[in-house]
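File shown: final-v7.txt. Contents: compact mmCIF, N, CA and C atoms.
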```txt
# COMPACT_ATOMS: atom_id res chain seq x y z
N HIS A 1008 2.53 15.53 10.16
CA HIS A 1008 3.57 15.17 9.22
C HIS A 1008 3.27 15.83 7.87
N HIS A 1009 4.30 16.29 7.21
CA HIS A 1009 4.16 16.83 5.86
C HIS A 1009 4.91 15.95 4.89
N VAL A 1010 4.32 15.74 3.74
CA VAL A 1010 4.99 15.03 2.67
C VAL A 1010 5.11 16.03 1.53
N GLY A 1011 6.29 16.55 1.28
CA GLY A 1011 6.47 17.55 0.24
C GLY A 1011 6.91 16.92 -1.06
N VAL A 1012 6.47 17.50 -2.15
CA VAL A 1012 6.90 17.03 -3.46
C VAL A 1012 7.43 18.20 -4.25
N GLY A 1013 8.50 18.01 -4.96
CA GLY A 1013 9.07 19.09 -5.74
C GLY A 1013 9.86 18.56 -6.91
N GLY A 1014 10.12 19.40 -7.88
CA GLY A 1014 10.78 18.96 -9.09
C GLY A 1014 12.11 19.63 -9.33
N ARG A 1015 12.96 18.97 -10.05
CA ARG A 1015 14.26 19.47 -10.49
C ARG A 1015 14.47 19.04 -11.93
N ARG A 1016 15.30 19.76 -12.63
CA ARG A 1016 15.58 19.38 -14.01
C ARG A 1016 16.40 18.09 -14.11
N GLN A 1017 17.33 17.87 -13.18
CA GLN A 1017 18.16 16.67 -13.20
C GLN A 1017 18.14 15.98 -11.84
N PRO A 1018 17.01 15.40 -11.46
CA PRO A 1018 16.90 14.83 -10.12
C PRO A 1018 17.81 13.64 -9.87
N ALA A 1019 18.11 12.86 -10.88
CA ALA A 1019 18.95 11.69 -10.68
C ALA A 1019 20.34 12.09 -10.16
N ALA A 1020 20.83 13.24 -10.57
CA ALA A 1020 22.13 13.71 -10.12
C ALA A 1020 22.10 14.08 -8.64
N LEU A 1021 20.93 14.45 -8.12
CA LEU A 1021 20.82 14.83 -6.72
C LEU A 1021 20.65 13.64 -5.79
N GLU A 1022 19.99 12.62 -6.24
CA GLU A 1022 19.58 11.51 -5.38
C GLU A 1022 20.72 10.93 -4.56
N GLY A 1023 21.82 10.61 -5.20
CA GLY A 1023 22.92 9.97 -4.50
C GLY A 1023 23.63 10.87 -3.51
N GLY A 1024 23.50 12.18 -3.66
CA GLY A 1024 24.20 13.11 -2.77
C GLY A 1024 23.40 13.56 -1.58
N LEU A 1025 22.14 13.18 -1.49
CA LEU A 1025 21.30 13.62 -0.38
C LEU A 1025 21.34 12.61 0.76
N PHE A 1026 21.46 13.11 1.97
CA PHE A 1026 21.44 12.25 3.14
C PHE A 1026 21.01 13.09 4.34
N ASN A 1027 20.61 12.42 5.39
CA ASN A 1027 20.26 13.07 6.64
C ASN A 1027 20.70 12.15 7.76
N ARG A 1028 21.69 12.55 8.49
CA ARG A 1028 22.22 11.72 9.58
C ARG A 1028 21.22 11.54 10.71
N LEU A 1029 20.18 12.38 10.74
CA LEU A 1029 19.19 12.28 11.81
C LEU A 1029 18.03 11.34 11.49
N GLU A 1030 17.97 10.80 10.26
CA GLU A 1030 16.84 9.94 9.89
C GLU A 1030 16.66 8.79 10.87
N SER A 1031 17.72 8.10 11.23
CA SER A 1031 17.57 6.95 12.14
C SER A 1031 17.06 7.40 13.50
N ALA A 1032 17.49 8.57 13.96
CA ALA A 1032 16.99 9.09 15.24
C ALA A 1032 15.51 9.45 15.15
N VAL A 1033 15.11 10.02 14.01
CA VAL A 1033 13.70 10.35 13.79
C VAL A 1033 12.86 9.08 13.84
N PHE A 1034 13.30 8.05 13.15
CA PHE A 1034 12.54 6.81 13.08
C PHE A 1034 12.48 6.12 14.45
N ALA A 1035 13.56 6.22 15.22
CA ALA A 1035 13.56 5.63 16.56
C ALA A 1035 12.61 6.38 17.49
N ALA A 1036 12.59 7.71 17.38
CA ALA A 1036 11.74 8.52 18.25
C ALA A 1036 10.27 8.48 17.84
N GLU A 1037 10.02 8.31 16.56
CA GLU A 1037 8.65 8.33 16.04
C GLU A 1037 8.49 7.22 15.02
N PRO A 1038 8.25 5.99 15.48
CA PRO A 1038 8.17 4.83 14.58
C PRO A 1038 7.13 4.97 13.46
N ARG A 1039 6.09 5.76 13.66
CA ARG A 1039 5.08 5.95 12.60
C ARG A 1039 5.69 6.61 11.36
N MET A 1040 6.77 7.33 11.54
CA MET A 1040 7.42 7.99 10.41
C MET A 1040 8.03 6.98 9.44
N VAL A 1041 8.37 5.80 9.91
CA VAL A 1041 8.97 4.78 9.04
C VAL A 1041 8.00 4.43 7.91
N SER A 1042 6.74 4.18 8.23
CA SER A 1042 5.78 3.82 7.17
C SER A 1042 5.49 5.00 6.25
N VAL A 1043 5.46 6.20 6.81
CA VAL A 1043 5.26 7.39 5.97
C VAL A 1043 6.43 7.53 5.00
N PHE A 1044 7.65 7.39 5.53
CA PHE A 1044 8.85 7.51 4.71
C PHE A 1044 8.89 6.43 3.62
N GLU A 1045 8.60 5.19 4.00
CA GLU A 1045 8.65 4.09 3.03
C GLU A 1045 7.63 4.29 1.91
N THR A 1046 6.44 4.76 2.26
CA THR A 1046 5.43 5.03 1.23
C THR A 1046 5.91 6.15 0.32
N ALA A 1047 6.42 7.22 0.89
CA ALA A 1047 6.91 8.34 0.09
C ALA A 1047 8.06 7.90 -0.82
N ARG A 1048 8.97 7.11 -0.28
CA ARG A 1048 10.11 6.64 -1.07
C ARG A 1048 9.65 5.75 -2.22
N ARG A 1049 8.65 4.93 -1.98
CA ARG A 1049 8.10 4.07 -3.03
C ARG A 1049 7.40 4.89 -4.11
N LYS A 1050 6.76 5.99 -3.73
CA LYS A 1050 6.01 6.82 -4.69
C LYS A 1050 6.92 7.75 -5.48
N GLY A 1051 7.98 8.22 -4.89
CA GLY A 1051 8.87 9.18 -5.55
C GLY A 1051 9.83 8.48 -6.49
N PRO A 1052 9.86 8.87 -7.75
CA PRO A 1052 10.70 8.18 -8.73
C PRO A 1052 12.20 8.27 -8.43
N PHE A 1053 12.61 9.26 -7.65
CA PHE A 1053 14.01 9.40 -7.31
C PHE A 1053 14.22 9.39 -5.80
N GLY A 1054 13.32 8.71 -5.09
CA GLY A 1054 13.49 8.54 -3.66
C GLY A 1054 12.88 9.65 -2.82
N ALA A 1055 13.16 9.58 -1.53
CA ALA A 1055 12.63 10.52 -0.54
C ALA A 1055 13.68 10.73 0.53
N ARG A 1056 13.53 11.81 1.25
CA ARG A 1056 14.42 12.12 2.36
C ARG A 1056 13.62 12.80 3.46
N VAL A 1057 14.12 12.66 4.68
CA VAL A 1057 13.56 13.36 5.84
C VAL A 1057 14.35 14.65 6.00
N THR A 1058 13.65 15.75 6.26
CA THR A 1058 14.36 17.01 6.50
C THR A 1058 14.75 17.12 7.96
N GLY A 1059 15.87 17.74 8.22
CA GLY A 1059 16.30 18.04 9.58
C GLY A 1059 15.97 16.98 10.60
N SER A 1060 15.20 17.38 11.59
CA SER A 1060 14.85 16.46 12.68
C SER A 1060 13.51 15.76 12.43
N GLY A 1061 13.04 15.76 11.19
CA GLY A 1061 11.92 14.93 10.83
C GLY A 1061 10.56 15.57 10.68
N SER A 1062 10.51 16.88 10.56
CA SER A 1062 9.20 17.51 10.43
C SER A 1062 8.60 17.34 9.04
N THR A 1063 9.43 17.03 8.05
CA THR A 1063 8.96 16.94 6.66
C THR A 1063 9.69 15.81 5.94
N ILE A 1064 8.95 15.16 5.05
CA ILE A 1064 9.54 14.20 4.12
C ILE A 1064 9.36 14.80 2.74
N PHE A 1065 10.43 14.83 1.94
CA PHE A 1065 10.30 15.38 0.60
C PHE A 1065 10.68 14.35 -0.45
N LEU A 1066 10.11 14.52 -1.63
CA LEU A 1066 10.38 13.65 -2.78
C LEU A 1066 11.07 14.45 -3.85
N ILE A 1067 11.92 13.79 -4.61
CA ILE A 1067 12.57 14.41 -5.76
C ILE A 1067 11.92 13.82 -7.00
N VAL A 1068 11.41 14.68 -7.84
CA VAL A 1068 10.71 14.22 -9.04
C VAL A 1068 11.25 14.96 -10.26
N PRO A 1069 11.07 14.38 -11.46
CA PRO A 1069 11.70 14.94 -12.65
C PRO A 1069 11.04 16.18 -13.25
N ASP A 1070 9.74 16.37 -13.01
CA ASP A 1070 9.08 17.49 -13.69
C ASP A 1070 7.79 17.89 -13.00
N ALA A 1071 7.21 18.99 -13.48
CA ALA A 1071 5.99 19.54 -12.88
C ALA A 1071 4.81 18.57 -13.00
N ALA A 1072 4.76 17.79 -14.05
CA ALA A 1072 3.66 16.83 -14.20
C ALA A 1072 3.69 15.81 -13.07
N GLU A 1073 4.88 15.38 -12.69
CA GLU A 1073 5.01 14.42 -11.59
C GLU A 1073 4.65 15.09 -10.26
N VAL A 1074 5.00 16.35 -10.10
CA VAL A 1074 4.61 17.10 -8.90
C VAL A 1074 3.09 17.09 -8.78
N THR A 1075 2.42 17.40 -9.87
CA THR A 1075 0.95 17.44 -9.88
C THR A 1075 0.37 16.07 -9.57
N ARG A 1076 0.92 15.03 -10.19
CA ARG A 1076 0.42 13.68 -9.97
C ARG A 1076 0.56 13.27 -8.50
N LEU A 1077 1.72 13.50 -7.92
CA LEU A 1077 1.95 13.11 -6.54
C LEU A 1077 1.15 13.97 -5.56
N ALA A 1078 0.97 15.23 -5.89
CA ALA A 1078 0.20 16.12 -5.02
C ALA A 1078 -1.25 15.66 -4.89
N SER A 1079 -1.75 14.96 -5.89
CA SER A 1079 -3.14 14.49 -5.83
C SER A 1079 -3.22 13.00 -5.49
N ASP A 1080 -2.11 12.38 -5.15
CA ASP A 1080 -2.09 10.96 -4.81
C ASP A 1080 -2.81 10.73 -3.48
N GLU A 1081 -3.83 9.89 -3.51
CA GLU A 1081 -4.65 9.66 -2.32
C GLU A 1081 -3.87 8.98 -1.19
N GLU A 1082 -3.00 8.06 -1.54
CA GLU A 1082 -2.23 7.37 -0.49
C GLU A 1082 -1.30 8.34 0.24
N LEU A 1083 -0.60 9.20 -0.51
CA LEU A 1083 0.26 10.19 0.13
C LEU A 1083 -0.57 11.16 0.97
N SER A 1084 -1.70 11.61 0.41
CA SER A 1084 -2.55 12.56 1.13
C SER A 1084 -3.08 11.97 2.43
N SER A 1085 -3.30 10.66 2.44
CA SER A 1085 -3.81 10.02 3.66
C SER A 1085 -2.78 10.00 4.78
N LEU A 1086 -1.51 10.21 4.44
CA LEU A 1086 -0.43 10.17 5.43
C LEU A 1086 -0.17 11.51 6.09
N GLY A 1087 -0.56 12.58 5.43
CA GLY A 1087 -0.31 13.91 5.96
C GLY A 1087 -0.56 14.96 4.90
N LYS A 1088 -0.19 16.16 5.20
CA LYS A 1088 -0.41 17.27 4.28
C LYS A 1088 0.62 17.21 3.15
N VAL A 1089 0.13 17.26 1.92
CA VAL A 1089 1.01 17.26 0.74
C VAL A 1089 1.11 18.68 0.23
N ILE A 1090 2.33 19.17 0.11
CA ILE A 1090 2.56 20.56 -0.32
C ILE A 1090 3.38 20.52 -1.60
N PRO A 1091 2.75 20.81 -2.75
CA PRO A 1091 3.51 20.85 -4.01
C PRO A 1091 4.51 22.00 -3.99
N ALA A 1092 5.72 21.72 -4.44
CA ALA A 1092 6.76 22.73 -4.51
C ALA A 1092 7.64 22.43 -5.70
N SER A 1093 8.25 23.45 -6.24
CA SER A 1093 9.14 23.26 -7.37
C SER A 1093 10.28 24.26 -7.30
N SER A 1094 11.45 23.79 -7.64
CA SER A 1094 12.59 24.71 -7.72
C SER A 1094 12.93 25.02 -9.17
N ALA A 1095 12.17 24.45 -10.10
CA ALA A 1095 12.40 24.73 -11.52
C ALA A 1095 12.09 26.18 -11.81
N ARG A 1096 12.89 26.77 -12.65
CA ARG A 1096 12.67 28.18 -12.97
C ARG A 1096 12.21 28.34 -14.37
```
Translate this file's structure into structure tokens.
Amino acid sequence: HHVGVGGRRQPAALEGGLFNRLESAVFAAEPRMVSVFETARRKGPFGARVTGSGSTIFLIVPDAAEVTRLASDEELSSLGKVIPASSAR
């Protein structure tokens, strides 16, 4: 499992528009993903989402400092590989 973290300039505007119709299928097929997702969602200031068919969970964060903080978070790291990413230019 991967837990990705990344930043945007206006993450609050993105949060409400993100969805994945396959999340429930992912959770049904792999119940361990539920706890990973819930932890990620609790840690991410603007929530979390599952990508595609569930290979990655990503967090939306407001800035690079939050990316750095979450990338070194021991609880997230214990769940899987944490890959810092940013779309800020």
Nearest candidate to Phe1026 of chain A (options A:Pro1091, A:Ser1062, A:Ala1078, A:Val1057; using only N, CA and C atoms):
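Smallest distance to Phe1026 of chain A is found for A:Val1057.
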Separation of atom C of Phe1053 of chain A from atom CA of Arg1039 of chain A, in Å and rounded to one decimal:
20.8 Å
From the options A:Ala1035, A:Leu1066, A:Ala1072, A:Ile1090, which residue's atoms come nearest to Lys1050 of chain A, counting all atoms listed in the file?
A:Leu1066
Any idea what's packed within 8 Å of segment 1030-1032 of chain A, counting only C-alpha atoms, ignoring anything in its chain fewer than 2 positions away? Could you give it as a PDB file with N, CA and C atoms, keeping the file's coordinate frame?
```pdb
ATOM      1  N   ASN A1027      20.610  12.420   5.390  1.00  0.00           N
ATOM      2  CA  ASN A1027      20.260  13.070   6.640  1.00  0.00           C
ATOM      3  C   ASN A1027      20.700  12.150   7.760  1.00  0.00           C
ATOM      4  N   ARG A1028      21.690  12.550   8.490  1.00  0.00           N
ATOM      5  CA  ARG A1028      22.220  11.720   9.580  1.00  0.00           C
ATOM      6  C   ARG A1028      21.220  11.540  10.710  1.00  0.00           C
ATOM      7  N   PHE A1034      13.300   8.050  13.150  1.00  0.00           N
ATOM      8  CA  PHE A1034      12.540   6.810  13.080  1.00  0.00           C
ATOM      9  C   PHE A1034      12.480   6.120  14.450  1.00  0.00           C
ATOM     10  N   ALA A1035      13.560   6.220  15.220  1.00  0.00           N
ATOM     11  CA  ALA A1035      13.560   5.630  16.560  1.00  0.00           C
ATOM     12  C   ALA A1035      12.610   6.380  17.490  1.00  0.00           C
ATOM     13  N   ALA A1036      12.590   7.710  17.380  1.00  0.00           N
ATOM     14  CA  ALA A1036      11.740   8.520  18.250  1.00  0.00           C
ATOM     15  C   ALA A1036      10.270   8.480  17.840  1.00  0.00           C
ATOM     16  N   VAL A1057      14.120  12.660   4.680  1.00  0.00           N
ATOM     17  CA  VAL A1057      13.560  13.360   5.840  1.00  0.00           C
ATOM     18  C   VAL A1057      14.350  14.650   6.000  1.00  0.00           C
ATOM     19  N   SER A1060      15.200  17.380  11.590  1.00  0.00           N
ATOM     20  CA  SER A1060      14.850  16.460  12.680  1.00  0.00           C
ATOM     21  C   SER A1060      13.510  15.760  12.430  1.00  0.00           C
ATOM     22  N   GLY A1061      13.040  15.760  11.190  1.00  0.00           N
ATOM     23  CA  GLY A1061      11.920  14.930  10.830  1.00  0.00           C
ATOM     24  C   GLY A1061      10.560  15.570  10.680  1.00  0.00           C
TER      25      GLY A1061
END
```
Atomic separation - atom N of Ser1042 of chain A relative to atom CA of Glu1073 of chain A, Å
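Computing the Euclidean distance for atom CA of Glu1073 of chain A and atom N of Ser1042 of chain A yields 22.4 Å.
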Atom CA of Val1089 of chain A to atom C of Leu1025 of chain A, distance in Å rounded to a single decimal:
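Interatomic distance, atom CA of Val1089 of chain A to atom C of Leu1025 of chain A: 20.9 Å.
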